[in-house]
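Undergrad: This is the structure, below, for whatever I ask next.
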Amino acid sequence: MTPKIISQGILRAVGIIVGVVLLIYFLYAIRSVLAYLAIAVVVALIGRPIVLFLRRKLKFPNLLGVIVTMLIMVGVLVGIIALFVPLITEQGKNLSLLNIDELQNNLNTLYQQITLYFGASPEAVNEIIKDADFEKNVFEGLNLGFIPNILNSFVDILSSFSIGLFSVLFISFFFLKDSKLFQRGLLTFIPQNKETNMVKSIDKINGLLSRYFVGLLLQIFVLFVIYTIVLLIVGIENAVVIAFLCALFNIIPYVGPIIGGVLMIFLTMSSNIGMDFSTVILPKTGYVLIGLVVGQLVDNFASQPIIFSNSVKSHPLEIFLIIIIAGLLFGVVGMIVAVPGYTAIKVILKEFLAENSIVKRLTYNL
C-alpha cells in the first residue's frame, strides 16, 4: 500500500467525520423545525381517518375534506384551551396567587392540619427536619417569589407557542392534502432499487400508526370518563377540566399516570383549602384516590392491551420492555415515541430483512 493511497484513505476518513459532525450540528440547529415536522406527521396521522371518512362516505372533495378536518382539529384545540380558563381562574382564587403571604399561610394551615390529623405535631416534624440537616422548616423556608417570574415569562411562552402552532398547522395541512408528500420526501434519500420496499413500509406504517393514535385518543377518553364521574361524585369544581388534564398525562407511559394522579389529588385538596381536614379534605381525597386506582386498573388490564395488540400488532410485554428501554436511554420523550418508533422499525425491517430469523419472529403478525 503506497503512501498516496494511505493519505487518501486518511483524508477520506477525516472528510466523512467532518461531514457527520456538520450534519449533526445542522440537525441540532434546526431541531425546532424537526420537532414541528414530527408533530405535524402525528397530527396528519390522527386526521387521516377523518379525511378518508369524509372522502369515501360523504363524498367530499379532497381539499374540502382536508379543510373540514383541520377546522375540526383546531376547534377541538380551542375548546380544550377554553376549558382551562375556569380552572385557572378558580385555582387562582383558591390559592390566592396574587397574594403570596396568604398562599403561604394557606399552605402552612394545610400542613398543620395534616400533621395533627396523623398524630404528629408541627414541632416534632420541624425537629425531624432539623435533625436531617435542613437549615429551615420546609414551609417556613418556602420561597414563593418565583410565581411572579413565571407570570412574567408567560408572554414569551405564548409567543413561541403561537409560532409553533402555526407552523404545525401549516405543515399538517399539506401532509393531509397530499398524503404522498412526506413519502416523496423520504424517497429522495432512498436508492432507486429499494423504493418499492420503502413505499410498502410507509403505507403500512401510516395505517398502523393512524390506528395507534386513534386508539390512544380512545384510551384517554376512557380515563377521562372515569375521572370525571369520580370528581363529580366527590363534588370537585371544574371536574371535567381536571379529569381531562389528568387523563392527558396518560400519553406519557408509566410516569404520566403518576403525575396525573398527584396533580388530581393536589387540585382536590387545593379546591377545599380552608375547610376541615378530617371531615372534608381527607375523605374527598380518599375517594379521588380510589377513583384513580380504578381508572388505572381499567387502563392497564383492559384499554392498553386491546389498543396495543390491535393497533401496532405487538405483545404488551414487548411494548413494556421497549418503553422502559427508551425511557432509560432518552427520558420522557423516549417513552412517548417508543411505541410509534418501534412499530416503524419493525415494519421497515420486515420489508428489507424479511428472511432474517430474528426479524421473522419479531414481525410474524405484521
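By order in the C-alpha cells, chains are A, B, ...; within a chain, residues start at 1; ligands start at 1, following the order shown.
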Between stretch 146-250 of chain A and stretch 72-75 of chain A, at 12 Å or less, what are the per-residue closest atom pairs and their distances in Å? Count only C-alpha atoms, order by chain and rising residue number, and return it as a tab-separated table.
TA:
residue	atom	partner	partner_atom	distance
A:Leu165	CA	A:Val74	CA	10.0
A:Phe166	CA	A:Val74	CA	10.8
A:Val168	CA	A:Val74	CA	11.2
A:Leu169	CA	A:Val74	CA	8.6
A:Phe170	CA	A:Val74	CA	11.7
A:Ser172	CA	A:Met73	CA	10.8
A:Phe173	CA	A:Met73	CA	11.1
Undergrad: Which polymer residues have any atom within 12 Å of an atom of A:Val298, counting only C-alpha atoms, with same-chain residues fewer than 4 positions away left out, as a list in words?
TA: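 In the requested form, the answer reads Gln219, Ile220, Val222, Leu223, Phe224, Val225, Ile226, Tyr227, Gly291, Leu292, Val293, Val294, Ala302, Ser303, Gln304, Pro305 and Ile306 of chain A.
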Undergrad: Could those residues be written to a file, using N, CA and C atoms, as a tab-separated table (two decimals), in the first residue's frame?
TA:
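Result written to selection-v1.tsv:
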chain	number	residue	atom	x	y	z
A	219	GLN	N	-58.15	5.64	24.55
A	219	GLN	CA	-57.65	5.32	25.89
A	219	GLN	C	-57.77	6.53	26.82
A	220	ILE	N	-57.40	7.70	26.31
A	220	ILE	CA	-57.52	8.93	27.10
A	220	ILE	C	-58.99	9.22	27.41
A	222	VAL	N	-61.47	7.06	27.76
A	222	VAL	CA	-61.95	6.15	28.80
A	222	VAL	C	-61.54	6.65	30.18
A	223	LEU	N	-60.28	7.03	30.34
A	223	LEU	CA	-59.81	7.57	31.61
A	223	LEU	C	-60.53	8.87	31.96
A	224	PHE	N	-60.73	9.71	30.95
A	224	PHE	CA	-61.43	10.98	31.16
A	224	PHE	C	-62.84	10.74	31.72
A	225	VAL	N	-63.55	9.77	31.17
A	225	VAL	CA	-64.90	9.48	31.65
A	225	VAL	C	-64.86	8.99	33.10
A	226	ILE	N	-63.93	8.08	33.41
A	226	ILE	CA	-63.83	7.56	34.78
A	226	ILE	C	-63.49	8.67	35.76
A	227	TYR	N	-62.49	9.48	35.44
A	227	TYR	CA	-62.07	10.55	36.34
A	227	TYR	C	-63.19	11.58	36.51
A	291	GLY	N	-60.78	6.40	42.94
A	291	GLY	CA	-61.12	6.56	41.53
A	291	GLY	C	-59.90	6.47	40.63
A	292	LEU	N	-58.78	7.02	41.08
A	292	LEU	CA	-57.53	6.93	40.31
A	292	LEU	C	-57.09	5.47	40.16
A	293	VAL	N	-57.17	4.73	41.25
A	293	VAL	CA	-56.76	3.33	41.21
A	293	VAL	C	-57.66	2.54	40.27
A	294	VAL	N	-58.98	2.76	40.34
A	294	VAL	CA	-59.92	2.07	39.46
A	294	VAL	C	-59.62	2.41	37.99
A	302	ALA	N	-57.28	-3.52	30.57
A	302	ALA	CA	-58.28	-3.59	29.51
A	302	ALA	C	-57.91	-2.71	28.32
A	303	SER	N	-57.81	-1.41	28.55
A	303	SER	CA	-57.61	-0.47	27.43
A	303	SER	C	-56.28	-0.70	26.72
A	304	GLN	N	-55.17	-0.66	27.49
A	304	GLN	CA	-53.86	-0.76	26.87
A	304	GLN	C	-53.63	-2.06	26.10
A	305	PRO	N	-53.89	-3.23	26.70
A	305	PRO	CA	-53.65	-4.47	25.93
A	305	PRO	C	-54.44	-4.52	24.63
A	306	ILE	N	-55.70	-4.07	24.66
A	306	ILE	CA	-56.53	-4.11	23.45
A	306	ILE	C	-55.97	-3.17	22.39
Undergrad: Write out as a ChimeraX atom specification which residues come within 10 Å of A:Asp178 when counting only C-alpha atoms, dropping same-chain ones fewer than 4 positions away.
TA: /A:62-63,66,172-174,182-183
Undergrad: Write a file of the just-selected residues containing N, CA and C atoms, as a PDB file, in the first residue's frame.
TA:
ATOM      1  N   ASN A  62     -61.280  16.162  -2.003  1.00  0.00           N
ATOM      2  CA  ASN A  62     -60.126  16.013  -1.115  1.00  0.00           C
ATOM      3  C   ASN A  62     -59.803  17.309  -0.374  1.00  0.00           C
ATOM      4  N   LEU A  63     -59.754  18.439  -1.097  1.00  0.00           N
ATOM      5  CA  LEU A  63     -59.407  19.715  -0.479  1.00  0.00           C
ATOM      6  C   LEU A  63     -60.427  20.102   0.583  1.00  0.00           C
ATOM      7  N   VAL A  66     -59.978  17.983   3.679  1.00  0.00           N
ATOM      8  CA  VAL A  66     -58.821  18.399   4.479  1.00  0.00           C
ATOM      9  C   VAL A  66     -59.151  19.665   5.276  1.00  0.00           C
ATOM     10  N   SER A 172     -49.137  20.410   8.574  1.00  0.00           N
ATOM     11  CA  SER A 172     -50.135  19.337   8.633  1.00  0.00           C
ATOM     12  C   SER A 172     -51.142  19.447   7.497  1.00  0.00           C
ATOM     13  N   PHE A 173     -51.506  20.669   7.139  1.00  0.00           N
ATOM     14  CA  PHE A 173     -52.466  20.869   6.064  1.00  0.00           C
ATOM     15  C   PHE A 173     -51.959  20.240   4.768  1.00  0.00           C
ATOM     16  N   PHE A 174     -50.702  20.472   4.450  1.00  0.00           N
ATOM     17  CA  PHE A 174     -50.161  19.942   3.194  1.00  0.00           C
ATOM     18  C   PHE A 174     -49.917  18.438   3.285  1.00  0.00           C
ATOM     19  N   PHE A 182     -44.997  13.468   2.210  1.00  0.00           N
ATOM     20  CA  PHE A 182     -43.968  13.004   3.135  1.00  0.00           C
ATOM     21  C   PHE A 182     -43.228  11.801   2.557  1.00  0.00           C
ATOM     22  N   GLN A 183     -43.981  10.953   1.873  1.00  0.00           N
ATOM     23  CA  GLN A 183     -43.387   9.762   1.269  1.00  0.00           C
ATOM     24  C   GLN A 183     -42.366  10.142   0.201  1.00  0.00           C
TER      25      GLN A 183
END
Undergrad: Tell me, as a list in words, which residues lie within 12 Å of stretch 284-287 of chain A, counting only C-alpha atoms; anything in the same chain fewer than 5 positions away does not count.
TA: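 Answer for this query is Tyr227, Ile229, Val230, Leu231, Leu232, Ile233, Val234, Gly235, Ile236, Gly261, Val262, Leu263, Met264, Ile265, Phe266, Leu267, Thr268, Met269, Ser270, Ser271, Asn272, Met275, Asp276, Phe277, Ser278, Thr279, Leu292, Val293 and Val294 of chain A.
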Undergrad: I need the residues from that last selection saved to file as a PDB file, in the first residue's frame (with C-alpha atoms), if you can.
TA:
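In the end it all went to result-v6.pdb:
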ATOM      1  CA  TYR A 227     -62.071  10.552  36.336  1.00  0.00           C
ATOM      2  CA  ILE A 229     -67.516  10.565  37.168  1.00  0.00           C
ATOM      3  CA  VAL A 230     -65.349  10.281  40.303  1.00  0.00           C
ATOM      4  CA  LEU A 231     -64.761  14.031  40.611  1.00  0.00           C
ATOM      5  CA  LEU A 232     -68.443  14.836  40.008  1.00  0.00           C
ATOM      6  CA  ILE A 233     -69.499  12.344  42.687  1.00  0.00           C
ATOM      7  CA  VAL A 234     -66.988  13.818  45.134  1.00  0.00           C
ATOM      8  CA  GLY A 235     -68.187  17.325  44.250  1.00  0.00           C
ATOM      9  CA  ILE A 236     -64.998  18.944  42.958  1.00  0.00           C
ATOM     10  CA  GLY A 261     -52.679  11.301  39.938  1.00  0.00           C
ATOM     11  CA  VAL A 262     -50.549  13.654  42.043  1.00  0.00           C
ATOM     12  CA  LEU A 263     -51.984  16.641  40.174  1.00  0.00           C
ATOM     13  CA  MET A 264     -55.575  15.454  40.683  1.00  0.00           C
ATOM     14  CA  ILE A 265     -55.023  14.947  44.406  1.00  0.00           C
ATOM     15  CA  PHE A 266     -53.359  18.361  44.718  1.00  0.00           C
ATOM     16  CA  LEU A 267     -56.202  20.109  42.875  1.00  0.00           C
ATOM     17  CA  THR A 268     -58.743  18.260  45.005  1.00  0.00           C
ATOM     18  CA  MET A 269     -57.070  19.428  48.208  1.00  0.00           C
ATOM     19  CA  SER A 270     -56.457  22.979  46.965  1.00  0.00           C
ATOM     20  CA  SER A 271     -60.106  23.276  45.924  1.00  0.00           C
ATOM     21  CA  ASN A 272     -61.080  22.724  49.557  1.00  0.00           C
ATOM     22  CA  MET A 275     -62.306  23.536  55.129  1.00  0.00           C
ATOM     23  CA  ASP A 276     -61.843  20.996  57.903  1.00  0.00           C
ATOM     24  CA  PHE A 277     -59.176  18.467  57.012  1.00  0.00           C
ATOM     25  CA  SER A 278     -60.554  15.373  58.769  1.00  0.00           C
ATOM     26  CA  THR A 279     -64.195  15.729  57.683  1.00  0.00           C
ATOM     27  CA  LEU A 292     -57.534   6.929  40.313  1.00  0.00           C
ATOM     28  CA  VAL A 293     -56.764   3.326  41.213  1.00  0.00           C
ATOM     29  CA  VAL A 294     -59.915   2.070  39.457  1.00  0.00           C
TER      30      VAL A 294
END
Undergrad: What gap, in Å, lies between atom CA of A:Ile348 and atom CA of A:Thr363?
TA: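 These atoms are spaced 10.1 Å apart.
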Undergrad: Can you work out the spacing between atom CA of A:Gln8 and atom CA of A:Gln192 in Å, to one decimal?
TA: 29.3 Å
Undergrad: Compile the contact shell of stretch 248-258 of chain A as an MDAnalysis selection string: residues with an atom at most 10 Å away, counting only C-alpha atoms, same-chain residues fewer than 6 positions apart removed.
TA: chainID A and resid 216:217 219:221 223:224 242 264 292 295:296 299:300 320 323:324 327 332:339
Undergrad: Between A:Leu64, A:Val21, A:Ile205, A:Ala13, which residue has the minimum interatomic distance to A:Leu176, considering only C-alpha atoms?
TA: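 Checking each of A:Leu64, A:Val21, A:Ile205, A:Ala13 against A:Leu176, counting only C-alpha atoms, the winner is A:Leu64.
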Undergrad: If you measure from atom CA of A:Val347 to atom CA of A:Lys204, what distance in Å do you get, rounded to one decimal?
TA: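 Separation of atom CA of A:Val347 and atom CA of A:Lys204: 7.2 Å.
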Undergrad: Taking 6 positions as the minimum chain separation for residues in the same chain, which residues sit within 12 Å of A:Gly65 when counting only C-alpha atoms? Answer as a PDB file with N, CA and C atoms, in the first residue's frame.
TA:
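Output contents, as saved in result.pdb:
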ATOM      1  N   GLY A  47     -55.506  12.880  11.769  1.00  0.00           N
ATOM      2  CA  GLY A  47     -56.553  13.438  10.914  1.00  0.00           C
ATOM      3  C   GLY A  47     -56.836  12.612   9.678  1.00  0.00           C
ATOM      4  N   ARG A  48     -55.939  11.698   9.335  1.00  0.00           N
ATOM      5  CA  ARG A  48     -56.099  10.896   8.115  1.00  0.00           C
ATOM      6  C   ARG A  48     -57.401  10.085   8.099  1.00  0.00           C
ATOM      7  N   PRO A  49     -57.768   9.394   9.193  1.00  0.00           N
ATOM      8  CA  PRO A  49     -59.056   8.666   9.158  1.00  0.00           C
ATOM      9  C   PRO A  49     -60.263   9.579   8.927  1.00  0.00           C
ATOM     10  N   ILE A  50     -60.202  10.812   9.450  1.00  0.00           N
ATOM     11  CA  ILE A  50     -61.319  11.745   9.253  1.00  0.00           C
ATOM     12  C   ILE A  50     -61.427  12.139   7.788  1.00  0.00           C
ATOM     13  N   VAL A  51     -60.268  12.437   7.178  1.00  0.00           N
ATOM     14  CA  VAL A  51     -60.263  12.803   5.754  1.00  0.00           C
ATOM     15  C   VAL A  51     -60.798  11.653   4.907  1.00  0.00           C
ATOM     16  N   LEU A  52     -60.349  10.438   5.196  1.00  0.00           N
ATOM     17  CA  LEU A  52     -60.809   9.279   4.433  1.00  0.00           C
ATOM     18  C   LEU A  52     -62.315   9.067   4.599  1.00  0.00           C
ATOM     19  N   PHE A  53     -62.814   9.282   5.822  1.00  0.00           N
ATOM     20  CA  PHE A  53     -64.259   9.144   6.055  1.00  0.00           C
ATOM     21  C   PHE A  53     -65.048  10.172   5.257  1.00  0.00           C
ATOM     22  N   LEU A  54     -64.572  11.420   5.271  1.00  0.00           N
ATOM     23  CA  LEU A  54     -65.269  12.477   4.542  1.00  0.00           C
ATOM     24  C   LEU A  54     -65.234  12.227   3.033  1.00  0.00           C
ATOM     25  N   ARG A  55     -64.108  11.692   2.555  1.00  0.00           N
ATOM     26  CA  ARG A  55     -63.990  11.440   1.112  1.00  0.00           C
ATOM     27  C   ARG A  55     -64.793  10.225   0.665  1.00  0.00           C
ATOM     28  N   ARG A  56     -64.750   9.153   1.434  1.00  0.00           N
ATOM     29  CA  ARG A  56     -65.360   7.900   0.994  1.00  0.00           C
ATOM     30  C   ARG A  56     -66.848   7.805   1.350  1.00  0.00           C
ATOM     31  N   LYS A  57     -67.200   8.237   2.546  1.00  0.00           N
ATOM     32  CA  LYS A  57     -68.582   8.103   2.994  1.00  0.00           C
ATOM     33  C   LYS A  57     -69.461   9.293   2.613  1.00  0.00           C
ATOM     34  N   LEU A  58     -68.912  10.502   2.764  1.00  0.00           N
ATOM     35  CA  LEU A  58     -69.697  11.709   2.486  1.00  0.00           C
ATOM     36  C   LEU A  58     -69.382  12.318   1.124  1.00  0.00           C
ATOM     37  N   LYS A  59     -68.460  11.704   0.386  1.00  0.00           N
ATOM     38  CA  LYS A  59     -68.129  12.126  -0.982  1.00  0.00           C
ATOM     39  C   LYS A  59     -67.619  13.570  -1.046  1.00  0.00           C
ATOM     40  N   LEU A  71     -60.338  22.236  10.432  1.00  0.00           N
ATOM     41  CA  LEU A  71     -61.232  23.051  11.255  1.00  0.00           C
ATOM     42  C   LEU A  71     -61.694  22.277  12.488  1.00  0.00           C
ATOM     43  N   ILE A  72     -61.991  20.995  12.303  1.00  0.00           N
ATOM     44  CA  ILE A  72     -62.400  20.169  13.439  1.00  0.00           C
ATOM     45  C   ILE A  72     -61.288  20.086  14.479  1.00  0.00           C
ATOM     46  N   PHE A 173     -51.506  20.669   7.139  1.00  0.00           N
ATOM     47  CA  PHE A 173     -52.466  20.869   6.064  1.00  0.00           C
ATOM     48  C   PHE A 173     -51.959  20.240   4.768  1.00  0.00           C
ATOM     49  N   LEU A 176     -51.870  16.418   4.914  1.00  0.00           N
ATOM     50  CA  LEU A 176     -53.207  15.843   4.730  1.00  0.00           C
ATOM     51  C   LEU A 176     -53.689  16.011   3.292  1.00  0.00           C
ATOM     52  N   LYS A 177     -53.380  17.152   2.699  1.00  0.00           N
ATOM     53  CA  LYS A 177     -53.823  17.424   1.340  1.00  0.00           C
ATOM     54  C   LYS A 177     -53.157  16.479   0.343  1.00  0.00           C
ATOM     55  N   ASP A 178     -51.885  16.254   0.524  1.00  0.00           N
ATOM     56  CA  ASP A 178     -51.135  15.356  -0.355  1.00  0.00           C
ATOM     57  C   ASP A 178     -50.517  14.276   0.521  1.00  0.00           C
TER      58      ASP A 178
END
Undergrad: Which one of A:Tyr25, A:Phe60, A:Phe189, A:Phe213 sits closest to A:Val41 if you count only C-alpha atoms?
TA: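 That would be A:Phe213, the residue with the smallest distance to A:Val41.
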